[in-house]
Every structure is written in structure tokens, then in C-alpha cells.
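Engineer: Following this line is target_11.txt, made up of compact mmCIF, C-alpha atoms and all ligand atoms:
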# COMPACT_ATOMS: atom_id res chain seq x y z
CA MET A 1 2.11 -34.17 -13.16
CA GLU A 2 -1.29 -33.06 -14.53
CA THR A 3 -3.01 -29.88 -13.29
CA ALA A 4 -5.38 -31.97 -11.13
CA ASP A 5 -2.38 -33.63 -9.42
CA TYR A 6 -0.81 -30.25 -8.68
CA ILE A 7 -4.09 -28.96 -7.23
CA ARG A 8 -4.45 -32.04 -4.99
CA GLU A 9 -0.83 -31.93 -3.78
CA ILE A 10 -0.86 -28.15 -3.25
CA ASN A 11 -4.05 -28.38 -1.16
CA ARG A 12 -2.58 -31.25 0.89
CA LEU A 13 0.71 -29.41 1.55
CA LYS A 14 -1.11 -26.18 2.38
CA LYS A 15 -3.00 -27.92 5.20
CA GLU A 16 0.02 -29.88 6.43
CA LYS A 17 2.19 -26.75 6.65
CA ASN A 18 -0.49 -24.21 7.63
CA ALA A 19 0.42 -22.23 4.51
CA VAL A 20 -1.57 -19.64 2.62
CA ILE A 21 -1.27 -18.84 -1.10
CA LEU A 22 -1.59 -15.16 -1.97
CA ALA A 23 -1.82 -14.47 -5.69
CA HIS A 24 -1.81 -11.28 -7.74
CA TYR A 25 -4.39 -10.83 -10.52
CA TYR A 26 -1.57 -10.99 -13.08
CA GLN A 27 -0.80 -14.64 -12.32
CA THR A 28 -1.89 -17.37 -14.74
CA SER A 29 -5.49 -18.62 -14.36
CA ASP A 30 -4.48 -22.01 -12.88
CA ILE A 31 -2.48 -20.30 -10.12
CA GLN A 32 -5.33 -17.86 -9.38
CA ASP A 33 -7.71 -20.84 -9.13
CA VAL A 34 -5.62 -22.56 -6.45
CA ALA A 35 -4.97 -19.38 -4.38
CA ASP A 36 -6.56 -18.62 -1.00
CA TYR A 37 -6.63 -14.93 -1.73
CA ILE A 38 -6.37 -13.09 -5.07
CA GLY A 39 -5.87 -9.36 -5.04
CA ASP A 40 -4.10 -6.18 -6.02
CA SER A 41 -0.93 -4.90 -4.38
CA LEU A 42 -2.78 -3.17 -1.54
CA GLY A 43 -5.13 -6.08 -0.81
CA LEU A 44 -2.23 -8.53 -0.84
CA SER A 45 -0.21 -6.43 1.66
CA GLN A 46 -3.24 -6.12 3.94
CA GLU A 47 -3.78 -9.88 3.74
CA ALA A 48 -0.08 -10.58 4.44
CA ALA A 49 -0.24 -8.32 7.49
CA LYS A 50 -3.17 -10.18 9.05
CA THR A 51 -2.68 -13.81 8.06
CA GLU A 52 -2.54 -16.48 10.79
CA ALA A 53 -0.66 -18.89 8.52
CA ASP A 54 2.90 -19.98 9.32
CA MET A 55 4.03 -19.73 5.72
CA ILE A 56 3.06 -17.32 2.94
CA VAL A 57 3.47 -18.63 -0.59
CA PHE A 58 3.50 -15.47 -2.66
CA ALA A 59 2.37 -16.01 -6.24
CA GLY A 60 3.49 -12.68 -7.59
CA VAL A 61 6.80 -10.88 -8.01
CA ARG A 62 9.70 -10.30 -5.62
CA PHE A 63 8.80 -6.80 -4.41
CA MET A 64 5.36 -8.11 -3.35
CA ALA A 65 6.85 -11.07 -1.47
CA GLU A 66 9.35 -8.71 0.19
CA THR A 67 6.47 -6.47 1.31
CA ALA A 68 4.77 -9.54 2.81
CA LYS A 69 8.00 -10.45 4.66
CA ILE A 70 8.39 -6.86 5.96
CA LEU A 71 4.82 -6.96 7.30
CA SER A 72 5.07 -10.51 8.70
CA PRO A 73 8.77 -10.96 9.57
CA SER A 74 8.18 -13.99 11.81
CA LYS A 75 6.60 -15.94 8.97
CA LYS A 76 8.33 -17.86 6.24
CA VAL A 77 7.67 -16.18 2.86
CA VAL A 78 8.41 -18.12 -0.31
CA LEU A 79 8.18 -17.10 -3.97
CA PRO A 80 7.83 -19.73 -6.74
CA ASP A 81 10.53 -18.07 -8.90
CA ILE A 82 13.07 -15.83 -7.16
CA ASN A 83 13.89 -14.18 -10.50
CA ALA A 84 10.38 -12.71 -10.78
CA GLY A 85 11.41 -9.05 -10.70
CA CYS A 86 9.77 -5.93 -12.11
CA SER A 87 10.90 -3.33 -14.65
CA LEU A 88 9.87 -0.55 -12.24
CA GLU A 89 11.98 -2.03 -9.45
CA GLU A 90 14.94 -2.40 -11.83
CA SER A 91 14.66 1.23 -12.92
CA ALA A 92 15.43 2.52 -9.43
CA PRO A 93 18.65 1.16 -7.92
CA ALA A 94 19.20 2.47 -4.37
CA ASP A 95 22.61 4.12 -5.04
CA LYS A 96 21.26 6.23 -7.93
CA PHE A 97 18.20 7.09 -5.90
CA ILE A 98 20.30 8.31 -2.95
CA ALA A 99 22.09 10.74 -5.29
CA PHE A 100 18.75 11.90 -6.77
CA LYS A 101 17.26 12.41 -3.30
CA ALA A 102 20.29 14.46 -2.24
CA GLN A 103 19.43 17.01 -4.95
CA HIS A 104 16.04 17.61 -3.25
CA PRO A 105 16.85 17.42 0.46
CA ASP A 106 13.53 18.90 1.64
CA ALA A 107 11.28 16.72 -0.48
CA VAL A 108 8.93 14.08 0.94
CA VAL A 109 9.62 10.76 -0.80
CA ILE A 110 6.58 8.78 -1.91
CA SER A 111 7.43 5.42 -3.47
CA TYR A 112 5.11 3.18 -5.39
CA VAL A 113 5.16 -0.27 -3.76
CA ASN A 114 6.68 -1.61 -7.03
CA CYS A 115 10.27 -1.04 -5.83
CA SER A 116 12.93 -2.88 -3.87
CA ALA A 117 12.92 -3.22 -0.07
CA GLU A 118 16.08 -1.11 -0.08
CA LEU A 119 14.32 1.72 -1.91
CA LYS A 120 11.52 1.54 0.66
CA THR A 121 14.12 2.23 3.39
CA LEU A 122 14.77 5.57 1.61
CA THR A 123 11.06 6.40 1.45
CA ASP A 124 8.71 8.44 3.67
CA ILE A 125 5.40 6.92 2.51
CA VAL A 126 4.74 3.94 0.26
CA CYS A 127 1.64 3.87 -1.97
CA THR A 128 -0.11 1.49 -4.33
CA SER A 129 -2.19 2.38 -7.36
CA THR A 130 -5.35 2.07 -5.21
CA ASN A 131 -4.34 4.67 -2.62
CA ALA A 132 -1.76 6.81 -4.50
CA ILE A 133 -3.99 9.90 -4.83
CA LYS A 134 -5.03 9.75 -1.16
CA ILE A 135 -1.40 9.33 -0.05
CA VAL A 136 -0.20 12.26 -2.19
CA GLU A 137 -3.05 14.44 -0.93
CA SER A 138 -2.09 13.63 2.68
CA VAL A 139 1.11 15.66 2.15
CA PRO A 140 0.70 19.44 2.73
CA LYS A 141 0.42 21.34 -0.57
CA ASP A 142 3.49 23.49 0.05
CA LYS A 143 5.74 20.43 0.44
CA GLU A 144 7.92 19.26 -2.43
CA ILE A 145 7.37 15.56 -3.30
CA ILE A 146 9.63 13.07 -5.05
CA PHE A 147 7.54 10.30 -6.62
CA ALA A 148 9.35 7.07 -7.60
CA PRO A 149 9.74 4.93 -9.59
CA ASP A 150 6.75 5.12 -12.01
CA LYS A 151 6.71 8.32 -14.09
CA ASN A 152 3.39 7.34 -15.72
CA LEU A 153 1.53 6.83 -12.44
CA GLY A 154 3.27 9.94 -11.06
CA GLY A 155 2.27 12.00 -14.11
CA TYR A 156 -1.32 10.79 -13.81
CA ILE A 157 -1.42 11.81 -10.11
CA ASN A 158 0.07 15.21 -10.98
CA ARG A 159 -2.71 15.77 -13.53
CA VAL A 160 -5.48 14.65 -11.15
CA THR A 161 -4.25 16.52 -8.06
CA GLY A 162 -2.68 19.56 -9.74
CA ARG A 163 0.60 18.81 -7.89
CA ASN A 164 3.97 19.09 -9.51
CA MET A 165 5.78 16.11 -8.02
CA ILE A 166 9.35 15.43 -9.10
CA LEU A 167 9.19 12.16 -11.01
CA TRP A 168 11.74 9.36 -11.17
CA ASP A 169 12.17 8.11 -14.74
CA GLY A 170 10.81 4.54 -14.47
CA ALA A 171 8.01 2.72 -16.29
CA CYS A 172 6.24 -0.63 -16.37
CA MET A 173 7.35 -2.54 -19.47
CA VAL A 174 3.84 -3.99 -19.89
CA HIS A 175 1.79 -0.82 -19.49
CA GLU A 176 4.06 1.29 -21.65
CA ALA A 177 3.53 -1.21 -24.49
CA PHE A 178 -0.18 -0.41 -24.83
CA SER A 179 -0.66 1.47 -28.08
CA ALA A 180 -3.12 4.39 -28.19
CA LYS A 181 -3.29 4.06 -32.00
CA LEU A 182 -4.09 0.31 -31.93
CA ILE A 183 -6.57 0.79 -29.08
CA SER A 184 -8.38 3.47 -31.15
CA ASP A 185 -8.43 1.08 -34.14
CA LEU A 186 -9.93 -1.67 -31.96
CA LYS A 187 -12.52 0.76 -30.58
CA GLU A 188 -13.57 1.55 -34.15
CA LYS A 189 -14.29 -2.16 -34.68
CA HIS A 190 -16.10 -2.38 -31.32
CA PRO A 191 -17.79 1.02 -30.91
CA ASN A 192 -19.78 -0.11 -27.86
CA ALA A 193 -16.71 -1.21 -25.92
CA SER A 194 -15.67 0.88 -22.96
CA ILE A 195 -11.91 1.49 -22.60
CA ILE A 196 -10.53 0.93 -19.09
CA ALA A 197 -6.88 1.41 -18.11
CA HIS A 198 -4.42 1.02 -15.25
CA PRO A 199 -2.67 4.30 -14.34
CA GLU A 200 0.75 2.76 -15.09
CA SER A 201 -0.24 3.27 -18.77
CA GLU A 202 1.12 6.23 -20.74
CA GLU A 203 -0.81 9.51 -21.02
CA PRO A 204 -2.14 8.98 -24.61
CA VAL A 205 -3.70 5.66 -23.49
CA LEU A 206 -5.12 7.20 -20.30
CA GLU A 207 -6.64 10.00 -22.41
CA LEU A 208 -8.67 7.38 -24.31
CA ALA A 209 -9.88 5.66 -21.14
CA ASP A 210 -13.47 5.86 -19.89
CA TYR A 211 -12.29 4.57 -16.49
CA ILE A 212 -8.83 4.53 -14.84
CA GLY A 213 -8.08 2.42 -11.78
CA SER A 214 -5.94 -0.17 -10.00
CA THR A 215 -6.47 -3.83 -10.86
CA THR A 216 -9.12 -4.17 -8.13
CA GLY A 217 -10.68 -0.89 -9.30
CA LEU A 218 -10.83 -2.15 -12.89
CA LEU A 219 -12.33 -5.49 -11.86
CA LYS A 220 -15.00 -3.84 -9.68
CA HIS A 221 -15.79 -1.38 -12.47
CA THR A 222 -16.47 -4.20 -14.95
CA ILE A 223 -18.80 -5.83 -12.41
CA ASN A 224 -20.70 -2.68 -11.42
CA SER A 225 -20.88 -0.90 -14.78
CA PRO A 226 -23.90 -1.53 -17.03
CA GLU A 227 -21.51 -1.67 -20.04
CA LYS A 228 -21.29 -5.09 -21.69
CA GLU A 229 -17.97 -4.85 -23.55
CA PHE A 230 -14.53 -3.66 -22.42
CA ILE A 231 -11.08 -3.01 -23.87
CA VAL A 232 -8.75 -3.60 -20.92
CA ALA A 233 -5.37 -1.81 -20.77
CA THR A 234 -3.60 -3.75 -18.06
CA GLU A 235 -1.78 -7.09 -17.78
CA SER A 236 -3.84 -9.84 -19.39
CA GLY A 237 -4.06 -12.05 -16.24
CA ILE A 238 -6.83 -9.84 -14.80
CA LEU A 239 -9.22 -10.95 -17.56
CA HIS A 240 -9.60 -14.33 -15.83
CA GLN A 241 -11.39 -12.79 -12.81
CA MET A 242 -13.30 -10.35 -15.05
CA ARG A 243 -14.68 -13.22 -17.13
CA LEU A 244 -15.50 -15.32 -14.05
CA ALA A 245 -17.34 -12.40 -12.42
CA SER A 246 -19.22 -11.32 -15.56
CA PRO A 247 -19.63 -14.30 -17.91
CA ASP A 248 -22.21 -12.37 -19.95
CA LYS A 249 -19.78 -9.54 -20.79
CA MET A 250 -17.07 -9.37 -23.46
CA PHE A 251 -13.43 -8.48 -22.71
CA HIS A 252 -10.62 -7.60 -25.11
CA VAL A 253 -6.99 -7.21 -24.02
CA ALA A 254 -5.86 -3.77 -25.22
CA PRO A 255 -3.41 -4.17 -28.13
CA THR A 256 0.31 -3.54 -27.58
CA ALA A 257 3.18 -2.54 -29.85
CA LYS A 258 6.97 -2.71 -29.68
CA ASN A 259 9.32 -0.74 -31.94
CA GLY A 260 6.34 0.36 -34.01
CA HIS A 261 5.06 -3.20 -34.62
CA ALA A 262 2.05 -4.91 -33.07
CA CYS A 263 3.13 -7.28 -30.30
CA ILE A 264 0.79 -10.07 -29.21
CA ALA A 265 2.55 -11.16 -26.01
CA CYS A 266 3.51 -7.73 -24.65
CA SER A 267 0.44 -7.59 -22.40
CA ASP A 268 1.83 -10.59 -20.48
CA CYS A 269 4.27 -9.54 -17.76
CA PRO A 270 7.36 -11.72 -18.28
CA HIS A 271 8.14 -11.48 -14.55
CA MET A 272 4.69 -12.44 -13.31
CA LYS A 273 4.54 -15.23 -15.86
CA LEU A 274 7.77 -16.84 -14.59
CA ASN A 275 5.62 -18.50 -11.93
CA THR A 276 4.03 -21.80 -12.92
CA MET A 277 1.97 -24.46 -11.13
CA GLU A 278 5.03 -26.69 -11.08
CA LYS A 279 7.17 -24.01 -9.39
CA LEU A 280 4.33 -23.12 -7.01
CA TYR A 281 4.07 -26.78 -5.95
CA ALA A 282 7.85 -27.14 -5.61
CA CYS A 283 8.25 -24.01 -3.48
CA LEU A 284 5.46 -25.08 -1.15
CA ARG A 285 7.01 -28.55 -0.85
CA ASP A 286 10.63 -27.38 -0.42
CA GLU A 287 9.82 -24.10 1.43
CA SER A 288 12.19 -22.42 -0.97
CA PRO A 289 13.15 -20.03 -2.55
CA GLU A 290 12.66 -18.05 0.64
CA ILE A 291 12.60 -14.25 0.96
CA LEU A 292 15.28 -13.21 3.44
CA LEU A 293 15.84 -9.60 4.49
CA SER A 294 18.06 -8.15 7.20
CA GLU A 295 16.42 -6.92 10.41
CA GLU A 296 17.64 -3.42 9.62
CA VAL A 297 15.97 -3.38 6.19
CA ILE A 298 12.75 -4.82 7.64
CA GLU A 299 12.65 -2.21 10.39
CA LYS A 300 13.37 0.76 8.08
CA ALA A 301 11.15 -0.39 5.20
CA ARG A 302 8.23 -1.14 7.52
CA LYS A 303 7.70 2.48 8.60
CA PRO A 304 6.61 3.88 5.18
CA ILE A 305 4.48 0.78 4.55
CA ASP A 306 2.75 1.07 7.94
CA LEU A 307 2.13 4.75 7.24
CA MET A 308 0.50 3.82 3.93
CA LEU A 309 -1.73 1.20 5.60
CA GLU A 310 -2.70 3.75 8.27
CA ILE A 311 -3.58 6.47 5.74
CA SER A 312 -5.47 4.09 3.45
CA ALA A 313 -7.40 2.30 6.30
P1 LIG B 1 -2.04 -3.03 -8.59
O1 LIG B 1 -2.12 -4.45 -8.21
O2 LIG B 1 -1.86 -2.16 -7.39
O3 LIG B 1 -3.17 -2.57 -9.43
O4 LIG B 1 -0.70 -2.83 -9.45
C1 LIG B 1 -0.49 -3.51 -10.60
C2 LIG B 1 0.93 -3.91 -10.79
O5 LIG B 1 1.63 -3.38 -11.57
C3 LIG B 1 1.46 -5.01 -10.06
O6 LIG B 1 2.68 -5.32 -10.58
FE1 LIG B 2 6.36 -4.75 -12.80
FE2 LIG B 2 4.75 -4.08 -14.79
FE3 LIG B 2 5.24 -6.64 -14.32
FE4 LIG B 2 3.73 -5.22 -12.60
S1 LIG B 2 3.23 -5.72 -14.70
S2 LIG B 2 5.39 -6.65 -12.10
S3 LIG B 2 4.71 -3.22 -12.74
S4 LIG B 2 6.76 -5.12 -14.97
Using the file provided, produce a representation of the structure as C-alpha cells.
Structural biologist:
Amino acid sequence: METADYIREINRLKKEKNAVILAHYYQTSDIQDVADYIGDSLGLSQEAAKTEADMIVFAGVRFMAETAKILSPSKKVVLPDINAGCSLEESAPADKFIAFKAQHPDAVVISYVNCSAELKTLTDIVCTSTNAIKIVESVPKDKEIIFAPDKNLGGYINRVTGRNMILWDGACMVHEAFSAKLISDLKEKHPNASIIAHPESEEPVLELADYIGSTTGLLKHTINSPEKEFIVATESGILHQMRLASPDKMFHVAPTAKNGHACIACSDCPHMKLNTMEKLYACLRDESPEILLSEEVIEKARKPIDLMLEISA
């Protein structure tokens, strides 16, 4: 089928099934264009919690669809490709985390939403990149904190808040590929460009950044800032909304490197990009693959997510 056929069929099925399509900014442009709501991790969870639809088609990765299921357990939640994981989620298997947690029995556990539902059951408060600083600051200063699974986001929060959280050793495979050296070279060619970065990036990249924020933060910054040119250190999918919102401005994807060599495709998340229009259409039509979680996991994982939504309201 052609793109126009997918769009027509997806819109027809959406109405017929009272379904809603929630898409993350890192999805491909065609998927973003057919979505009912496009957002960052926090916005998508808030939308999942309040939707009146019977079915949520989650155009994103598994941990996001699981969060939607935890917040709306009576609704059917489907994901176009069930293999759409996340390197951060993979870095923190529950059994290893239990052993880690046991070494710090008095610590409050704050987990970045980019983790499995099982890890959330072992967590006191969940956070996203939008509310992470607020969530960390809600914990009394004398309390020890374990922050999992993103060491780069955790390190950034430590530097901003002056805390000394114990960090789990995980990283986003996309954000850790941004190269401070190549970004500096690009800035030399475009001296008027402002460098903006997601806090999942490594410290040397964040040090170069004129603005650091979540995907929604970055998008809003490009709209509100008088600057006309940006080097963007986050997954390339976000540039679609940036260009739509500010057609008069210029956007460059920050350059990435792997094993010391420039890497063109490393700013595309291989998990996010598993979803395609064809799979989106098929999962809406077949109502599969479906996210299924046990009642026990839903109940336990919901508490730290609800706490996050309460604190960040
Ligand atoms: P946000 O959507 O919270 O900015 O996080 C980005 C991300 O890594 C999603 O996988
Ligand atoms: Fe995970 Fe990074 Fe992909 Fe987001 S961009 S889903 S954090 S691997």
C-alpha cells in the first residue's frame, strides 16, 4: 500500500475501534503525522492516563507502552513492533538490580521511566527527563538516593542539584554516540548555531550545550528562542516537529561517532525505528501485539508512576 492508503485505513480503523495513536517524537515523520498526540515520555504518560479511547496504539518503545498499560489497565494497549526495546531498559535487569539495591537498603530508589515494568515495581518514584530534577529535589537532602538506569542523566542531575546519587551504570545507545569533538567541528562551520542537547548525552556534550532539556523542552526552546540555527543532540526524529514549528530556522542533527569513526545513522534509535506505517496499520487492524502485564506488576509499578505524576502536576 502507498502512504496515502495507510493514512486512510488507519483513520478509518481508529474511528471504528475508538482507538487513539500516541507517538513519541522519535518516531518517523509519517507516523508522527498520523498520530493523535505526539509528545515526550511525560506527556505521553499523562495522555495515556486520561484518554477516553478503548484502545491505545503506542507508537514508541515497549517501556512506554507498558507505562500506558499500567496507567490504563482496562484499555487494550498495542505496540506496532513488540521488539522495540531500549538500551537503558536492557542495562537494568531486575535480578541484578535487586542485588544492587540490597547493598543500599536505606536508599530511596528513583528510576527513569526508560526501564522495564518489573524495575518500576522495585522503585519508589519514577521520573522522566522533564521532571527528574523536581523529583530528585522532592527527596530530603539527607536521604541516600539510587538513580537508575541512566548514568548520564543521573550525573547531570547530580551536577545541577549538588546531590551525590548512587548511579546505575546504564546509558542510551543513541545519546552516548554524540561526539563532542565532531559537534565542536560542526560549530566551527556554523558559528551562529546554538547547541542544544538532551540530558541523556554524555558530560562532554552537555558541557558544549547552550540549552539542555527533554524532547519537549528542546522543541519549545527552538520555538521560543530568537536563535535561527541549531545543532540538536538528541534522536533525529524530533527534527520533524522542530522544522514544522519553525520553517524559517535551520536544524542540524548533532554528529555521532562509533569506535572512533563518524557514524551517520547513530542518531536514529534502532528500537524506535522498528515501527513503520505498515506495522502501525497492522497492529491497529489486528489489535496485536498487545501489552499484557500481571495484575501484581500493574499494581506495584503504578505507585511510583502515580507519585511522579502527583509531584510533577
Ligand atoms: P523524553 O521523551 O522524556 O525527552 O525522553 C527521551 C527518550 O529517551 C525516550 O526514549
Ligand atoms: Fe532507549 Fe535511547 Fe532509544 Fe530512547 S533513544 S528508546 S533511551 S535507546
Engineer: Env of His271 (chain A): 10 Å cut, atoms = all atoms listed in the file, seq-sep filter 4 positions within chain, self excluded. Answer as a list in words.
Structural biologist: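 The filter keeps Tyr26, Gln27, Gly60, Val61, Arg62, Asp81, Ile82, Asn83, Ala84, Gly85, Cys86, Ser87 and Asn275 of chain A.
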Engineer: So which residues touch region 201-217 of chain A within 7 Å, counting only C-alpha atoms, skipping near sequence neighbours fewer than 6 positions away, as a list of chain:residue names?
Structural biologist: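 That gives A:Gly39, A:Asp40, A:Ser129, A:Thr130, A:Asn152, A:His175, A:Glu176, A:Ser179, A:Ala180, A:Ser194, A:Ile195.
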Engineer: Contacts of Ala94 (chain A) at 8 Å or less, counting all atoms listed in the file, minus same-chain residues fewer than 3 places along, as a list in words?
Structural biologist: Phe97, Ile98, Glu118 and Leu119 of chain A
Engineer: Do you know which residues are at most 9 Å from Lys14 (chain A) counting only C-alpha atoms, after dropping those on the same chain fewer than 5 positions away, and could you put them as number ranges by chain?
Structural biologist: A: 9, 19-21, 55, 284
Engineer: Please identify all polymer residues within 8 Å of region 305-309 of chain A, counting only C-alpha atoms, omitting same-chain residues fewer than 2 positions from it, and present them as an MDAnalysis selection string.
Structural biologist: chainID A and resid 46 125:127 135 301:303 311:313
Engineer: Give me region 286-311 of chain A with N, CA and C atoms filled in, as a PDB file, in the coordinates of the input.
Structural biologist:
ATOM      1  N   ASP A 286       9.234 -27.538  -0.880  1.00  0.00           N
ATOM      2  CA  ASP A 286      10.630 -27.380  -0.420  1.00  0.00           C
ATOM      3  C   ASP A 286      10.798 -26.164   0.509  1.00  0.00           C
ATOM      4  N   GLU A 287       9.763 -25.343   0.635  1.00  0.00           N
ATOM      5  CA  GLU A 287       9.820 -24.100   1.430  1.00  0.00           C
ATOM      6  C   GLU A 287      10.963 -23.214   0.952  1.00  0.00           C
ATOM      7  N   SER A 288      11.098 -23.150  -0.327  1.00  0.00           N
ATOM      8  CA  SER A 288      12.190 -22.420  -0.970  1.00  0.00           C
ATOM      9  C   SER A 288      11.782 -22.148  -2.432  1.00  0.00           C
ATOM     10  N   PRO A 289      12.259 -21.070  -3.062  1.00  0.00           N
ATOM     11  CA  PRO A 289      13.150 -20.030  -2.550  1.00  0.00           C
ATOM     12  C   PRO A 289      12.450 -19.123  -1.523  1.00  0.00           C
ATOM     13  N   GLU A 290      13.217 -18.841  -0.456  1.00  0.00           N
ATOM     14  CA  GLU A 290      12.660 -18.050   0.640  1.00  0.00           C
ATOM     15  C   GLU A 290      13.117 -16.601   0.534  1.00  0.00           C
ATOM     16  N   ILE A 291      12.244 -15.678   0.930  1.00  0.00           N
ATOM     17  CA  ILE A 291      12.600 -14.250   0.960  1.00  0.00           C
ATOM     18  C   ILE A 291      13.285 -13.981   2.292  1.00  0.00           C
ATOM     19  N   LEU A 292      14.519 -13.518   2.228  1.00  0.00           N
ATOM     20  CA  LEU A 292      15.280 -13.210   3.440  1.00  0.00           C
ATOM     21  C   LEU A 292      15.731 -11.756   3.382  1.00  0.00           C
ATOM     22  N   LEU A 293      15.438 -11.014   4.420  1.00  0.00           N
ATOM     23  CA  LEU A 293      15.840  -9.600   4.490  1.00  0.00           C
ATOM     24  C   LEU A 293      16.475  -9.354   5.843  1.00  0.00           C
ATOM     25  N   SER A 294      17.417  -8.423   5.915  1.00  0.00           N
ATOM     26  CA  SER A 294      18.060  -8.150   7.200  1.00  0.00           C
ATOM     27  C   SER A 294      17.066  -7.448   8.130  1.00  0.00           C
ATOM     28  N   GLU A 295      17.314  -7.575   9.427  1.00  0.00           N
ATOM     29  CA  GLU A 295      16.420  -6.920  10.410  1.00  0.00           C
ATOM     30  C   GLU A 295      16.385  -5.423  10.190  1.00  0.00           C
ATOM     31  N   GLU A 296      17.561  -4.870   9.822  1.00  0.00           N
ATOM     32  CA  GLU A 296      17.640  -3.420   9.620  1.00  0.00           C
ATOM     33  C   GLU A 296      16.736  -2.979   8.453  1.00  0.00           C
ATOM     34  N   VAL A 297      16.806  -3.722   7.353  1.00  0.00           N
ATOM     35  CA  VAL A 297      15.970  -3.380   6.190  1.00  0.00           C
ATOM     36  C   VAL A 297      14.492  -3.522   6.560  1.00  0.00           C
ATOM     37  N   ILE A 298      14.152  -4.604   7.258  1.00  0.00           N
ATOM     38  CA  ILE A 298      12.750  -4.820   7.640  1.00  0.00           C
ATOM     39  C   ILE A 298      12.266  -3.654   8.500  1.00  0.00           C
ATOM     40  N   GLU A 299      13.070  -3.277   9.478  1.00  0.00           N
ATOM     41  CA  GLU A 299      12.650  -2.210  10.390  1.00  0.00           C
ATOM     42  C   GLU A 299      12.467  -0.874   9.651  1.00  0.00           C
ATOM     43  N   LYS A 300      13.444  -0.538   8.791  1.00  0.00           N
ATOM     44  CA  LYS A 300      13.370   0.760   8.080  1.00  0.00           C
ATOM     45  C   LYS A 300      12.287   0.773   7.001  1.00  0.00           C
ATOM     46  N   ALA A 301      12.118  -0.362   6.309  1.00  0.00           N
ATOM     47  CA  ALA A 301      11.150  -0.390   5.200  1.00  0.00           C
ATOM     48  C   ALA A 301       9.716  -0.486   5.728  1.00  0.00           C
ATOM     49  N   ARG A 302       9.582  -0.945   6.958  1.00  0.00           N
ATOM     50  CA  ARG A 302       8.230  -1.140   7.520  1.00  0.00           C
ATOM     51  C   ARG A 302       7.531   0.193   7.780  1.00  0.00           C
ATOM     52  N   LYS A 303       8.313   1.198   8.218  1.00  0.00           N
ATOM     53  CA  LYS A 303       7.700   2.480   8.600  1.00  0.00           C
ATOM     54  C   LYS A 303       6.869   3.101   7.467  1.00  0.00           C
ATOM     55  N   PRO A 304       7.434   3.276   6.242  1.00  0.00           N
ATOM     56  CA  PRO A 304       6.610   3.880   5.180  1.00  0.00           C
ATOM     57  C   PRO A 304       5.462   2.991   4.714  1.00  0.00           C
ATOM     58  N   ILE A 305       5.587   1.671   4.942  1.00  0.00           N
ATOM     59  CA  ILE A 305       4.480   0.780   4.550  1.00  0.00           C
ATOM     60  C   ILE A 305       3.361   0.903   5.594  1.00  0.00           C
ATOM     61  N   ASP A 306       3.747   0.913   6.877  1.00  0.00           N
ATOM     62  CA  ASP A 306       2.750   1.070   7.940  1.00  0.00           C
ATOM     63  C   ASP A 306       1.998   2.392   7.777  1.00  0.00           C
ATOM     64  N   LEU A 307       2.755   3.432   7.423  1.00  0.00           N
ATOM     65  CA  LEU A 307       2.130   4.750   7.240  1.00  0.00           C
ATOM     66  C   LEU A 307       1.095   4.687   6.121  1.00  0.00           C
ATOM     67  N   MET A 308       1.458   3.992   5.039  1.00  0.00           N
ATOM     68  CA  MET A 308       0.500   3.820   3.930  1.00  0.00           C
ATOM     69  C   MET A 308      -0.752   3.095   4.408  1.00  0.00           C
ATOM     70  N   LEU A 309      -0.569   1.992   5.152  1.00  0.00           N
ATOM     71  CA  LEU A 309      -1.730   1.200   5.600  1.00  0.00           C
ATOM     72  C   LEU A 309      -2.604   2.033   6.538  1.00  0.00           C
ATOM     73  N   GLU A 310      -1.955   2.861   7.352  1.00  0.00           N
ATOM     74  CA  GLU A 310      -2.700   3.750   8.270  1.00  0.00           C
ATOM     75  C   GLU A 310      -3.535   4.759   7.482  1.00  0.00           C
ATOM     76  N   ILE A 311      -2.877   5.428   6.509  1.00  0.00           N
ATOM     77  CA  ILE A 311      -3.580   6.470   5.740  1.00  0.00           C
ATOM     78  C   ILE A 311      -4.701   5.866   4.893  1.00  0.00           C
TER      79      ILE A 311
END
